[in-house]
>>> print(open('target-v1.txt').read())   # compact mmCIF, C-alpha atoms and all ligand atoms
# COMPACT_ATOMS: atom_id res chain seq x y z
CA MET A 73 -5.22 -35.12 67.18
CA SER A 74 -8.08 -33.80 69.34
CA ARG A 75 -11.64 -35.01 68.68
CA GLY A 76 -12.53 -31.50 67.42
CA ALA A 77 -9.70 -31.54 64.90
CA ALA A 78 -10.66 -35.03 63.77
CA ALA A 79 -14.26 -33.88 63.25
CA ARG A 80 -13.10 -30.86 61.26
CA GLY A 81 -10.90 -33.14 59.18
CA ARG A 82 -13.90 -35.36 58.40
CA GLU A 83 -15.96 -32.29 57.49
CA ALA A 84 -13.24 -31.05 55.14
CA ALA A 85 -13.00 -34.50 53.55
CA LEU A 86 -16.78 -34.51 53.11
CA VAL A 87 -16.76 -31.08 51.43
CA ILE A 88 -14.04 -32.23 49.03
CA ALA A 89 -16.03 -35.42 48.33
CA MET A 90 -19.21 -33.42 47.68
CA LEU A 91 -17.34 -31.28 45.19
CA GLY A 92 -16.45 -34.48 43.37
CA GLY A 93 -12.74 -33.71 43.55
CA LEU A 94 -13.16 -30.38 41.77
CA ALA A 95 -10.94 -27.82 43.43
CA VAL A 96 -13.17 -24.75 43.45
CA PRO A 97 -11.60 -21.58 44.87
CA ALA A 98 -13.12 -20.75 48.26
CA ALA A 99 -14.88 -17.43 48.83
CA GLY A 100 -12.38 -14.58 49.06
CA GLN A 101 -9.95 -16.38 46.78
CA GLY A 102 -9.32 -15.37 43.23
CA PHE A 103 -7.18 -13.23 40.99
CA GLU A 104 -6.35 -9.77 42.26
CA PRO A 105 -8.71 -7.33 40.53
CA PHE A 106 -7.52 -5.78 37.29
CA SER A 107 -9.33 -3.51 34.84
CA MET A 108 -8.34 -1.83 31.59
CA ALA A 109 -10.92 0.95 32.05
CA GLY A 110 -9.48 4.37 31.25
CA LEU A 111 -6.12 2.96 30.19
CA ASN A 112 -4.38 3.03 26.81
CA TRP A 113 -1.61 0.89 25.33
CA TYR A 114 1.80 2.51 24.86
CA ARG A 115 4.66 0.64 23.24
CA GLY A 116 8.19 1.43 24.35
CA ASN A 117 11.77 0.31 24.77
CA THR A 118 13.58 0.98 28.05
CA HIS A 119 17.13 0.07 27.02
CA SER A 120 19.04 1.70 24.14
CA HIS A 121 22.47 3.18 23.48
CA THR A 122 23.74 6.14 21.49
CA ALA A 123 27.17 7.34 20.38
CA LEU A 124 27.43 9.12 23.75
CA SER A 125 28.49 5.69 25.06
CA ASP A 126 29.06 2.66 22.81
CA GLY A 127 26.23 2.99 20.28
CA ASP A 128 26.92 3.84 16.64
CA SER A 129 24.42 6.69 16.22
CA SER A 130 23.56 10.08 17.63
CA PRO A 131 20.72 10.39 20.15
CA GLU A 132 18.68 12.03 17.39
CA VAL A 133 19.09 9.10 14.98
CA VAL A 134 18.22 6.62 17.75
CA ALA A 135 15.13 8.52 18.88
CA ARG A 136 13.97 8.95 15.29
CA TRP A 137 14.32 5.22 14.62
CA TYR A 138 11.91 4.40 17.43
CA ARG A 139 9.52 7.24 16.62
CA ASP A 140 9.38 6.04 12.99
CA HIS A 141 8.84 2.38 13.91
CA GLY A 142 5.63 2.51 15.93
CA TYR A 143 6.94 3.20 19.42
CA GLN A 144 5.35 5.74 21.75
CA PHE A 145 8.19 5.98 24.23
CA LEU A 146 11.92 5.36 24.51
CA VAL A 147 14.51 5.44 27.28
CA LEU A 148 18.00 6.43 26.13
CA SER A 149 20.17 4.46 28.56
CA ASP A 150 23.82 5.08 27.83
CA HIS A 151 26.54 3.49 29.98
CA ASN A 152 27.24 5.88 32.88
CA VAL A 153 26.20 8.86 30.73
CA PHE A 154 23.05 10.93 31.06
CA THR A 155 21.71 11.51 27.55
CA ASP A 156 19.36 14.36 28.30
CA PRO A 157 16.19 14.19 26.19
CA LYS A 158 15.72 17.93 26.69
CA GLY A 159 18.07 18.40 23.73
CA LEU A 160 15.61 16.41 21.59
CA ALA A 161 12.43 18.12 22.78
CA TRP A 162 11.50 18.93 19.18
CA LEU A 163 11.16 15.18 18.45
CA MET A 164 8.54 14.80 21.16
CA ASP A 165 4.82 15.40 20.84
CA SER A 166 1.60 13.87 22.14
CA THR A 167 2.48 10.59 20.39
CA PHE A 168 6.16 10.14 21.26
CA LEU A 169 7.93 10.54 24.58
CA LEU A 170 11.61 10.34 25.51
CA ILE A 171 12.22 9.33 29.12
CA PRO A 172 15.63 10.10 30.64
CA GLY A 173 17.73 7.15 31.74
CA GLU A 174 21.13 5.57 32.21
CA GLU A 175 22.62 2.09 32.31
CA LEU A 176 24.56 2.13 35.58
CA THR A 177 27.49 0.02 34.46
CA SER A 178 29.59 -1.54 37.17
CA GLN A 179 31.14 -4.90 37.94
CA PHE A 180 32.12 -7.27 40.70
CA GLY A 181 35.33 -9.17 39.88
CA ASN A 182 34.84 -10.26 36.28
CA LYS A 183 31.03 -10.20 36.53
CA PRO A 184 29.27 -7.31 34.79
CA VAL A 185 26.64 -5.56 36.93
CA HIS A 186 24.35 -3.46 34.74
CA VAL A 187 21.27 -1.81 36.24
CA ASN A 188 19.07 0.61 34.30
CA GLY A 189 17.76 3.75 35.92
CA LEU A 190 14.56 5.00 34.27
CA ASN A 191 13.15 8.52 34.63
CA ILE A 192 16.15 9.83 36.56
CA PRO A 193 16.93 13.58 36.87
CA HIS A 194 20.70 13.46 36.24
CA VAL A 195 23.67 11.14 35.87
CA ILE A 196 24.17 8.61 38.66
CA GLU A 197 27.66 7.45 39.51
CA PRO A 198 27.73 3.62 39.38
CA ARG A 199 28.56 2.00 42.70
CA ARG A 200 30.72 -0.89 43.81
CA ASP A 201 30.65 -3.08 46.88
CA SER A 202 32.57 -5.91 48.54
CA THR A 203 30.03 -8.52 47.36
CA LEU A 204 28.15 -9.22 44.13
CA VAL A 205 24.74 -8.91 45.84
CA GLY A 206 25.88 -5.67 47.46
CA THR A 207 27.05 -4.26 44.13
CA ILE A 208 23.70 -4.93 42.45
CA GLN A 209 21.78 -3.67 45.48
CA ARG A 210 23.76 -0.45 45.78
CA ASN A 211 23.08 0.39 42.13
CA VAL A 212 19.37 -0.39 42.51
CA ASP A 213 19.31 1.82 45.60
CA ALA A 214 21.18 4.62 43.81
CA VAL A 215 18.33 4.74 41.27
CA ARG A 216 15.70 4.70 44.01
CA GLU A 217 17.46 7.54 45.85
CA VAL A 218 16.68 9.91 42.97
CA ALA A 219 13.11 8.56 42.62
CA GLY A 220 13.97 6.65 39.45
CA VAL A 221 12.80 3.16 38.52
CA PRO A 222 15.50 0.45 38.41
CA HIS A 223 15.61 -2.62 36.23
CA ILE A 224 18.12 -5.43 36.39
CA ASN A 225 19.70 -6.03 33.01
CA HIS A 226 20.61 -9.28 31.22
CA PRO A 227 21.42 -11.40 34.34
CA ASN A 228 22.94 -14.17 32.19
CA TYR A 229 25.41 -11.80 30.48
CA GLY A 230 28.83 -12.96 31.66
CA TRP A 231 26.82 -15.51 33.67
CA ALA A 232 26.91 -12.80 36.32
CA MET A 233 23.72 -13.22 38.35
CA ASP A 234 22.21 -16.58 39.25
CA THR A 235 18.91 -17.22 41.03
CA ALA A 236 20.50 -17.27 44.50
CA VAL A 237 21.93 -13.79 43.89
CA LEU A 238 18.79 -12.35 42.31
CA ALA A 239 16.60 -13.67 45.13
CA ARG A 240 18.50 -11.45 47.57
CA ILE A 241 17.99 -8.17 45.68
CA GLU A 242 15.38 -5.88 47.20
CA ARG A 243 13.50 -2.82 45.95
CA ASP A 244 13.59 -3.96 42.33
CA ARG A 245 10.41 -4.80 40.45
CA LEU A 246 11.66 -5.25 36.88
CA ILE A 247 14.02 -7.76 35.33
CA GLU A 248 14.99 -8.34 31.72
CA ILE A 249 13.66 -11.72 30.60
CA PHE A 250 14.45 -10.88 26.97
CA ASN A 251 17.31 -8.67 25.81
CA GLY A 252 17.95 -8.29 22.06
CA HIS A 253 21.76 -8.14 22.35
CA PRO A 254 23.32 -11.28 20.78
CA LEU A 255 25.64 -12.09 23.72
CA VAL A 256 23.30 -12.13 26.73
CA HIS A 257 22.17 -15.80 26.88
CA ASN A 258 18.43 -15.23 27.36
CA HIS A 259 17.80 -18.95 27.04
CA GLY A 260 20.48 -20.14 29.45
CA GLY A 261 22.29 -23.40 28.72
CA GLY A 262 24.02 -26.30 30.38
CA ASP A 263 23.57 -25.88 34.12
CA SER A 264 22.35 -22.26 33.86
CA PRO A 265 18.61 -21.65 33.58
CA GLY A 266 17.09 -19.36 30.97
CA MET A 267 15.53 -16.09 32.04
CA GLU A 268 11.98 -17.41 32.01
CA ALA A 269 12.88 -20.18 34.44
CA VAL A 270 14.71 -17.65 36.61
CA TRP A 271 11.59 -15.47 36.59
CA ASP A 272 9.36 -18.38 37.66
CA TRP A 273 11.86 -19.28 40.36
CA LEU A 274 11.64 -15.76 41.80
CA LEU A 275 7.85 -15.60 41.48
CA SER A 276 7.52 -19.00 43.17
CA ARG A 277 9.39 -17.62 46.17
CA GLY A 278 6.84 -14.86 46.56
CA ARG A 279 8.70 -12.12 44.73
CA ARG A 280 6.59 -9.56 42.86
CA ILE A 281 8.86 -9.11 39.92
CA TYR A 282 7.86 -8.30 36.37
CA GLY A 283 9.55 -9.48 33.19
CA ILE A 284 10.50 -6.94 30.54
CA ALA A 285 11.75 -7.31 26.98
CA VAL A 286 14.24 -4.73 25.67
CA ASP A 287 16.44 -4.09 22.65
CA ASP A 288 19.69 -3.01 24.34
CA ALA A 289 20.27 -1.62 20.84
CA HIS A 290 23.67 -0.30 19.79
CA HIS A 291 23.70 -0.64 15.98
CA PHE A 292 21.40 1.54 13.87
CA HIS A 293 23.76 1.81 10.89
CA GLY A 294 24.85 -0.89 8.46
CA GLU A 295 23.52 -4.40 8.24
CA PHE A 296 20.74 -5.64 10.51
CA ALA A 297 21.87 -9.16 11.39
CA PRO A 298 21.47 -11.64 14.27
CA ASP A 299 25.04 -11.11 15.45
CA ARG A 300 24.60 -7.33 15.64
CA SER A 301 22.86 -5.35 18.35
CA ASN A 302 20.02 -3.86 16.28
CA PRO A 303 16.76 -2.23 17.41
CA GLY A 304 13.24 -3.65 17.10
CA ARG A 305 13.70 -6.98 18.84
CA GLY A 306 12.08 -6.67 22.27
CA TRP A 307 9.74 -4.12 23.83
CA VAL A 308 7.06 -3.54 26.42
CA VAL A 309 3.46 -2.46 25.81
CA VAL A 310 2.25 -0.54 28.83
CA LEU A 311 -1.33 0.09 29.97
CA ALA A 312 -1.33 3.61 31.37
CA PRO A 313 -3.82 6.48 31.65
CA ARG A 314 -1.62 8.82 29.59
CA LEU A 315 1.71 9.09 27.78
CA GLU A 316 3.66 10.77 30.56
CA ALA A 317 6.83 9.54 32.27
CA GLY A 318 5.34 9.23 35.76
CA ALA A 319 2.31 7.33 34.51
CA ILE A 320 4.46 4.96 32.44
CA MET A 321 6.75 4.31 35.42
CA GLU A 322 3.82 3.63 37.73
CA ALA A 323 2.32 1.17 35.24
CA LEU A 324 5.62 -0.67 34.80
CA GLU A 325 6.09 -1.05 38.55
CA ALA A 326 2.53 -2.28 38.94
CA GLY A 327 3.00 -4.94 36.24
CA SER A 328 0.44 -3.21 34.03
CA PHE A 329 2.11 -4.20 30.77
CA TYR A 330 3.26 -7.10 28.68
CA ALA A 331 6.62 -7.80 27.09
CA SER A 332 6.89 -8.77 23.44
CA THR A 333 9.11 -9.82 20.58
CA GLY A 334 6.31 -9.50 18.04
CA VAL A 335 2.96 -10.75 19.36
CA ALA A 336 0.39 -8.07 20.24
CA VAL A 337 -2.35 -8.44 22.82
CA ASP A 338 -5.44 -6.21 22.55
CA SER A 339 -7.15 -6.95 25.83
CA ILE A 340 -6.76 -8.66 29.17
CA GLN A 341 -9.90 -9.53 31.08
CA VAL A 342 -9.51 -10.64 34.67
CA GLU A 343 -12.49 -12.10 36.53
CA PRO A 344 -12.16 -13.55 40.05
CA SER A 345 -11.52 -17.05 38.79
CA ARG A 346 -10.76 -16.61 35.09
CA VAL A 347 -8.39 -14.67 32.90
CA THR A 348 -9.02 -14.19 29.18
CA LEU A 349 -6.79 -12.59 26.56
CA ARG A 350 -7.52 -11.29 23.13
CA VAL A 351 -4.49 -11.74 20.88
CA ARG A 352 -4.21 -9.58 17.75
CA GLN A 353 -4.42 -11.72 14.62
CA ARG A 354 -1.61 -11.03 12.16
CA GLY A 355 -1.85 -12.45 8.64
CA SER A 356 -2.23 -16.21 8.68
CA PHE A 357 -0.24 -16.73 11.88
CA LYS A 358 -1.45 -19.23 14.46
CA TYR A 359 -1.13 -18.75 18.19
CA THR A 360 -0.45 -20.97 21.18
CA THR A 361 -0.73 -19.76 24.77
CA GLN A 362 0.94 -21.48 27.66
CA PHE A 363 -0.40 -20.70 31.14
CA THR A 364 2.29 -21.25 33.75
CA GLY A 365 2.22 -21.28 37.54
CA GLN A 366 4.25 -22.11 40.63
CA ASP A 367 7.74 -23.52 39.90
CA GLY A 368 7.18 -23.08 36.18
CA GLU A 369 4.49 -25.77 36.02
CA VAL A 370 2.62 -25.62 32.71
CA LEU A 371 -1.03 -25.43 33.80
CA ALA A 372 -2.62 -25.36 30.35
CA THR A 373 -1.78 -24.96 26.67
CA VAL A 374 -4.47 -23.28 24.60
CA GLY A 375 -4.69 -22.48 20.87
CA GLY A 376 -6.39 -19.55 19.14
CA VAL A 377 -6.65 -15.80 19.65
CA GLU A 378 -8.88 -15.82 22.73
CA PRO A 379 -7.09 -18.03 25.24
CA SER A 380 -8.60 -18.32 28.68
CA TYR A 381 -7.60 -19.93 31.97
CA GLN A 382 -9.96 -21.01 34.76
CA LEU A 383 -8.49 -20.93 38.24
CA ARG A 384 -8.49 -24.34 39.88
CA GLY A 385 -7.70 -23.22 43.40
CA HIS A 386 -4.13 -24.26 44.15
CA GLU A 387 -2.39 -21.56 42.09
CA ARG A 388 -0.41 -18.76 43.71
CA TYR A 389 0.17 -16.97 40.43
CA VAL A 390 -0.61 -17.61 36.80
CA ARG A 391 1.18 -16.06 33.84
CA ALA A 392 0.67 -16.45 30.11
CA LYS A 393 3.11 -16.71 27.25
CA VAL A 394 1.68 -16.39 23.74
CA THR A 395 3.83 -17.73 20.91
CA ASP A 396 2.98 -17.31 17.24
CA SER A 397 3.72 -19.77 14.45
CA GLY A 398 6.79 -17.70 13.50
CA GLY A 399 8.29 -17.91 16.99
CA ALA A 400 7.46 -14.37 18.18
CA VAL A 401 6.29 -14.13 21.78
CA ALA A 402 4.23 -12.01 24.19
CA TRP A 403 4.85 -12.51 27.90
CA LEU A 404 1.95 -11.37 30.06
CA GLN A 405 2.74 -10.32 33.62
CA PRO A 406 1.69 -12.71 36.38
CA TRP A 407 -1.75 -12.51 37.90
CA PHE A 408 -1.45 -13.17 41.62
CA VAL A 409 -4.07 -15.13 43.50
CA GLU A 410 -5.49 -13.55 46.66
CA ARG A 411 -5.93 -15.87 49.62
ZN ZN B 501 24.39 -3.97 29.74
ZN ZN B 502 22.94 -1.87 27.44
>>> encode(input="target-v1.txt", output="structure tokens", more="lines below")
Ligand SMILES: [Zn+2]
Ligand SMILES: [Zn+2]
Amino acid sequence: MSRGAAARGREAALVIAMLGGLAVPAAGQGFEPFSMAGLNWYRGNTHSHTALSDGDSSPEVVARWYRDHGYQFLVLSDHNVFTDPKGLAWLMDSTFLLIPGEELTSQFGNKPVHVNGLNIPHVIEPRRDSTLVGTIQRNVDAVREVAGVPHINHPNYGWAMDTAVLARIERDRLIEIFNGHPLVHNHGGGDSPGMEAVWDWLLSRGRRIYGIAVDDAHHFHGEFAPDRSNPGRGWVVVLAPRLEAGAIMEALEAGSFYASTGVAVDSIQVEPSRVTLRVRQRGSFKYTTQFTGQDGEVLATVGGVEPSYQLRGHERYVRAKVTDSGGAVAWLQPWFVER
């Protein structure tokens, strides 16, 4: 070590000592700026099926279910079928929007490869490739080629996509961390991680990827039961300037939303070194928020409806998961730390 380097080392040690061990973010460090100004919340589901593929109801019945249950937008995403919302224009108004979509349904060997295409202009032929990574990538790219927005569906379904595979996929910003279908293994098991751990794994390797919750609903008739694929289980709430497909897509790809299975968040306040949420109180429910960072480390656990996290200085990203006393969850998108 040169004398100059040694001196700088002593200076750095002195600064740390003067701060009394408190890791204060240096100037220029802090959360990337975020503001809710001029934005509204819009609740939607980006994954649903109709009788045009393997759902049990007509597109009209499916769209009506969402419109009547407090959603502002819906993507009809049938398997390799383009369910054109133009035929349902009369169901749409300033408070409810249908966005065209498709679930590009392919496979590699016995592994299902399902990629949603949101806001696409026409049907896209699903693609195959000589590798699993290539198959996923080619379907993601097929959606991008028509200026649609891709999302990778239920990676643990058929135990098809592990972290090593997902880490190699490019040009995708959205991944299902919760899917309401009963057979998709959101929580992982045995030697396979759950989707939240997979998400942290990807984020910790520098990926900007956002976690979505979806219904993947098929069953609108008959009994609503845990072993059936019913609607109303997982959704996103998007912060966008207006209820229009392009604006919703832009917000999703920018991570301007949260995913939910029942917890609502009214506001997100991001200051350079602090993030504060306001959770909507429902009945007598109690709320616990877990702030998580690099490698899934739990940074803090906070009770109440106004949880807050103060940046300590070593974080690369922080995300929040709010759980209510009934088990419902809201997953906030990660806030990245500028360096
Ligand atoms: Zn699927
Ligand atoms: Zn599906």
>>> residues_near_ligand(input="target-v1.txt", ligand="ligand ZN 502 (chain B)", cutoff="12 Å", atoms="all atoms listed in the file", output="JSON, numbers by chain")
{"A": [117, 118, 119, 120, 121, 122, 125, 126, 127, 147, 148, 149, 150, 151, 152, 153, 173, 174, 175, 176, 177, 178, 184, 185, 186, 187, 188, 189, 223, 224, 225, 226, 227, 229, 248, 251, 252, 253, 254, 255, 256, 286, 287, 288, 289, 290, 291, 301, 302, 303]}
>>> residues_around(input="target-v1.txt", residues="region 190-197 of chain A", least_positions_apart="6", cutoff="6 Å", atoms="all atoms listed in the file", output="list of chain:residue names")
A:Phe154, A:Ile171, A:Pro172, A:Gly173, A:Gly220, A:Val221
>>> axis_aligned_box(input="target-v1.txt", around="region 264-275 of chain A", padding_each_side="6 Å", output="JSON")
{"center_x": 15.1, "center_y": -18.9, "center_z": 36.4, "size_x": 26.5, "size_y": 18.8, "size_z": 22.8}
>>> closest_residue(input="target-v1.txt", among="A:Arg243, A:Ile208, A:Pro406, A:Asp338", to="Gly283 (chain A)", atoms="only C-alpha atoms")
A:Pro406
>>> closest_residue(input="target-v1.txt", among="A:Ser129, A:Gln179, A:Ser264, A:Thr203", to="ligand ZN 501 (chain B)", atoms="all atoms listed in the file")
A:Gln179
>>> residues_around(input="target-v1.txt", residues="Glu322 (chain A)", least_positions_apart="5", cutoff="12 Å", atoms="all atoms listed in the file", output="PDB file with C-alpha atoms, in the frame of the given file")
ATOM      1  CA  LEU A 190      14.560   5.000  34.270  1.00  0.00           C
ATOM      2  CA  ASN A 191      13.150   8.520  34.630  1.00  0.00           C
ATOM      3  CA  ALA A 219      13.110   8.560  42.620  1.00  0.00           C
ATOM      4  CA  GLY A 220      13.970   6.650  39.450  1.00  0.00           C
ATOM      5  CA  VAL A 221      12.800   3.160  38.520  1.00  0.00           C
ATOM      6  CA  ARG A 245      10.410  -4.800  40.450  1.00  0.00           C
ATOM      7  CA  LEU A 246      11.660  -5.250  36.880  1.00  0.00           C
ATOM      8  CA  VAL A 310       2.250  -0.540  28.830  1.00  0.00           C
ATOM      9  CA  LEU A 311      -1.330   0.090  29.970  1.00  0.00           C
ATOM     10  CA  ALA A 312      -1.330   3.610  31.370  1.00  0.00           C
ATOM     11  CA  PRO A 313      -3.820   6.480  31.650  1.00  0.00           C
ATOM     12  CA  ARG A 314      -1.620   8.820  29.590  1.00  0.00           C
ATOM     13  CA  LEU A 315       1.710   9.090  27.780  1.00  0.00           C
ATOM     14  CA  GLU A 316       3.660  10.770  30.560  1.00  0.00           C
ATOM     15  CA  ALA A 317       6.830   9.540  32.270  1.00  0.00           C
ATOM     16  CA  GLY A 327       3.000  -4.940  36.240  1.00  0.00           C
ATOM     17  CA  SER A 328       0.440  -3.210  34.030  1.00  0.00           C
ATOM     18  CA  PHE A 329       2.110  -4.200  30.770  1.00  0.00           C
TER      19      PHE A 329
END
>>> atom_distance(input="target-v1.txt", atom1="CA of Ala269 (chain A)", atom2="CA of Gly306 (chain A)")
18.2 Å
>>> build_atoms(input="target-v1.txt", residues="region 382-403 of chain A", atoms="N, CA, C and O atoms", output="mmCIF file, in the frame of the given file")
data_model
loop_
_atom_site.group_PDB
_atom_site.id
_atom_site.type_symbol
_atom_site.label_atom_id
_atom_site.label_comp_id
_atom_site.auth_asym_id
_atom_site.auth_seq_id
_atom_site.Cartn_x
_atom_site.Cartn_y
_atom_site.Cartn_z
ATOM 1 N N GLN A 382 -9.055 -20.937 33.590
ATOM 2 C CA GLN A 382 -9.960 -21.010 34.760
ATOM 3 C C GLN A 382 -9.140 -21.441 35.973
ATOM 4 O O GLN A 382 -8.466 -22.469 35.944
ATOM 5 N N LEU A 383 -9.219 -20.625 37.015
ATOM 6 C CA LEU A 383 -8.490 -20.930 38.240
ATOM 7 C C LEU A 383 -9.000 -22.237 38.849
ATOM 8 O O LEU A 383 -10.201 -22.472 38.906
ATOM 9 N N ARG A 384 -8.058 -23.075 39.275
ATOM 10 C CA ARG A 384 -8.490 -24.340 39.880
ATOM 11 C C ARG A 384 -8.478 -24.276 41.392
ATOM 12 O O ARG A 384 -9.174 -25.045 42.049
ATOM 13 N N GLY A 385 -7.651 -23.403 41.953
ATOM 14 C CA GLY A 385 -7.700 -23.220 43.400
ATOM 15 C C GLY A 385 -6.371 -23.376 44.106
ATOM 16 O O GLY A 385 -6.196 -22.877 45.204
ATOM 17 N N HIS A 386 -5.412 -24.059 43.468
ATOM 18 C CA HIS A 386 -4.130 -24.260 44.150
ATOM 19 C C HIS A 386 -3.073 -23.251 43.694
ATOM 20 O O HIS A 386 -1.988 -23.194 44.256
ATOM 21 N N GLU A 387 -3.396 -22.436 42.669
ATOM 22 C CA GLU A 387 -2.390 -21.560 42.090
ATOM 23 C C GLU A 387 -2.045 -20.404 43.034
ATOM 24 O O GLU A 387 -2.894 -19.914 43.759
ATOM 25 N N ARG A 388 -0.804 -19.982 42.988
ATOM 26 C CA ARG A 388 -0.410 -18.760 43.710
ATOM 27 C C ARG A 388 -0.226 -17.607 42.731
ATOM 28 O O ARG A 388 -0.388 -16.453 43.069
ATOM 29 N N TYR A 389 0.168 -17.955 41.524
ATOM 30 C CA TYR A 389 0.170 -16.970 40.430
ATOM 31 C C TYR A 389 -0.017 -17.752 39.146
ATOM 32 O O TYR A 389 0.233 -18.972 39.086
ATOM 33 N N VAL A 390 -0.490 -17.041 38.137
ATOM 34 C CA VAL A 390 -0.610 -17.610 36.800
ATOM 35 C C VAL A 390 -0.052 -16.558 35.840
ATOM 36 O O VAL A 390 -0.334 -15.365 35.999
ATOM 37 N N ARG A 391 0.768 -16.996 34.891
ATOM 38 C CA ARG A 391 1.180 -16.060 33.840
ATOM 39 C C ARG A 391 0.978 -16.737 32.495
ATOM 40 O O ARG A 391 0.844 -17.961 32.418
ATOM 41 N N ALA A 392 0.923 -15.924 31.445
ATOM 42 C CA ALA A 392 0.670 -16.450 30.110
ATOM 43 C C ALA A 392 1.796 -16.043 29.171
ATOM 44 O O ALA A 392 2.328 -14.934 29.255
ATOM 45 N N LYS A 393 2.138 -16.980 28.302
ATOM 46 C CA LYS A 393 3.110 -16.710 27.250
ATOM 47 C C LYS A 393 2.459 -17.104 25.931
ATOM 48 O O LYS A 393 2.076 -18.262 25.759
ATOM 49 N N VAL A 394 2.307 -16.133 25.038
ATOM 50 C CA VAL A 394 1.680 -16.390 23.740
ATOM 51 C C VAL A 394 2.783 -16.470 22.696
ATOM 52 O O VAL A 394 3.591 -15.543 22.576
ATOM 53 N N THR A 395 2.821 -17.559 21.961
ATOM 54 C CA THR A 395 3.830 -17.730 20.910
ATOM 55 C C THR A 395 3.126 -17.870 19.572
ATOM 56 O O THR A 395 2.140 -18.607 19.473
ATOM 57 N N ASP A 396 3.604 -17.145 18.556
ATOM 58 C CA ASP A 396 2.980 -17.310 17.240
ATOM 59 C C ASP A 396 3.739 -18.343 16.414
ATOM 60 O O ASP A 396 4.810 -18.819 16.815
ATOM 61 N N SER A 397 3.159 -18.694 15.265
ATOM 62 C CA SER A 397 3.720 -19.770 14.450
ATOM 63 C C SER A 397 5.052 -19.372 13.807
ATOM 64 O O SER A 397 5.704 -20.211 13.173
ATOM 65 N N GLY A 398 5.469 -18.108 13.972
ATOM 66 C CA GLY A 398 6.790 -17.700 13.500
ATOM 67 C C GLY A 398 7.815 -17.646 14.617
ATOM 68 O O GLY A 398 8.980 -17.327 14.382
ATOM 69 N N GLY A 399 7.365 -17.903 15.853
ATOM 70 C CA GLY A 399 8.290 -17.910 16.990
ATOM 71 C C GLY A 399 8.279 -16.638 17.817
ATOM 72 O O GLY A 399 8.925 -16.572 18.861
ATOM 73 N N ALA A 400 7.552 -15.608 17.376
ATOM 74 C CA ALA A 400 7.460 -14.370 18.180
ATOM 75 C C ALA A 400 6.615 -14.639 19.419
ATOM 76 O O ALA A 400 5.759 -15.528 19.428
ATOM 77 N N VAL A 401 6.862 -13.837 20.463
ATOM 78 C CA VAL A 401 6.290 -14.130 21.780
ATOM 79 C C VAL A 401 5.695 -12.867 22.412
ATOM 80 O O VAL A 401 6.191 -11.754 22.178
ATOM 81 N N ALA A 402 4.644 -13.042 23.219
ATOM 82 C CA ALA A 402 4.230 -12.010 24.190
ATOM 83 C C ALA A 402 4.216 -12.676 25.553
ATOM 84 O O ALA A 402 3.650 -13.765 25.714
ATOM 85 N N TRP A 403 4.863 -12.023 26.520
ATOM 86 C CA TRP A 403 4.850 -12.510 27.900
ATOM 87 C C TRP A 403 3.941 -11.595 28.718
ATOM 88 O O TRP A 403 4.255 -10.412 28.915
#
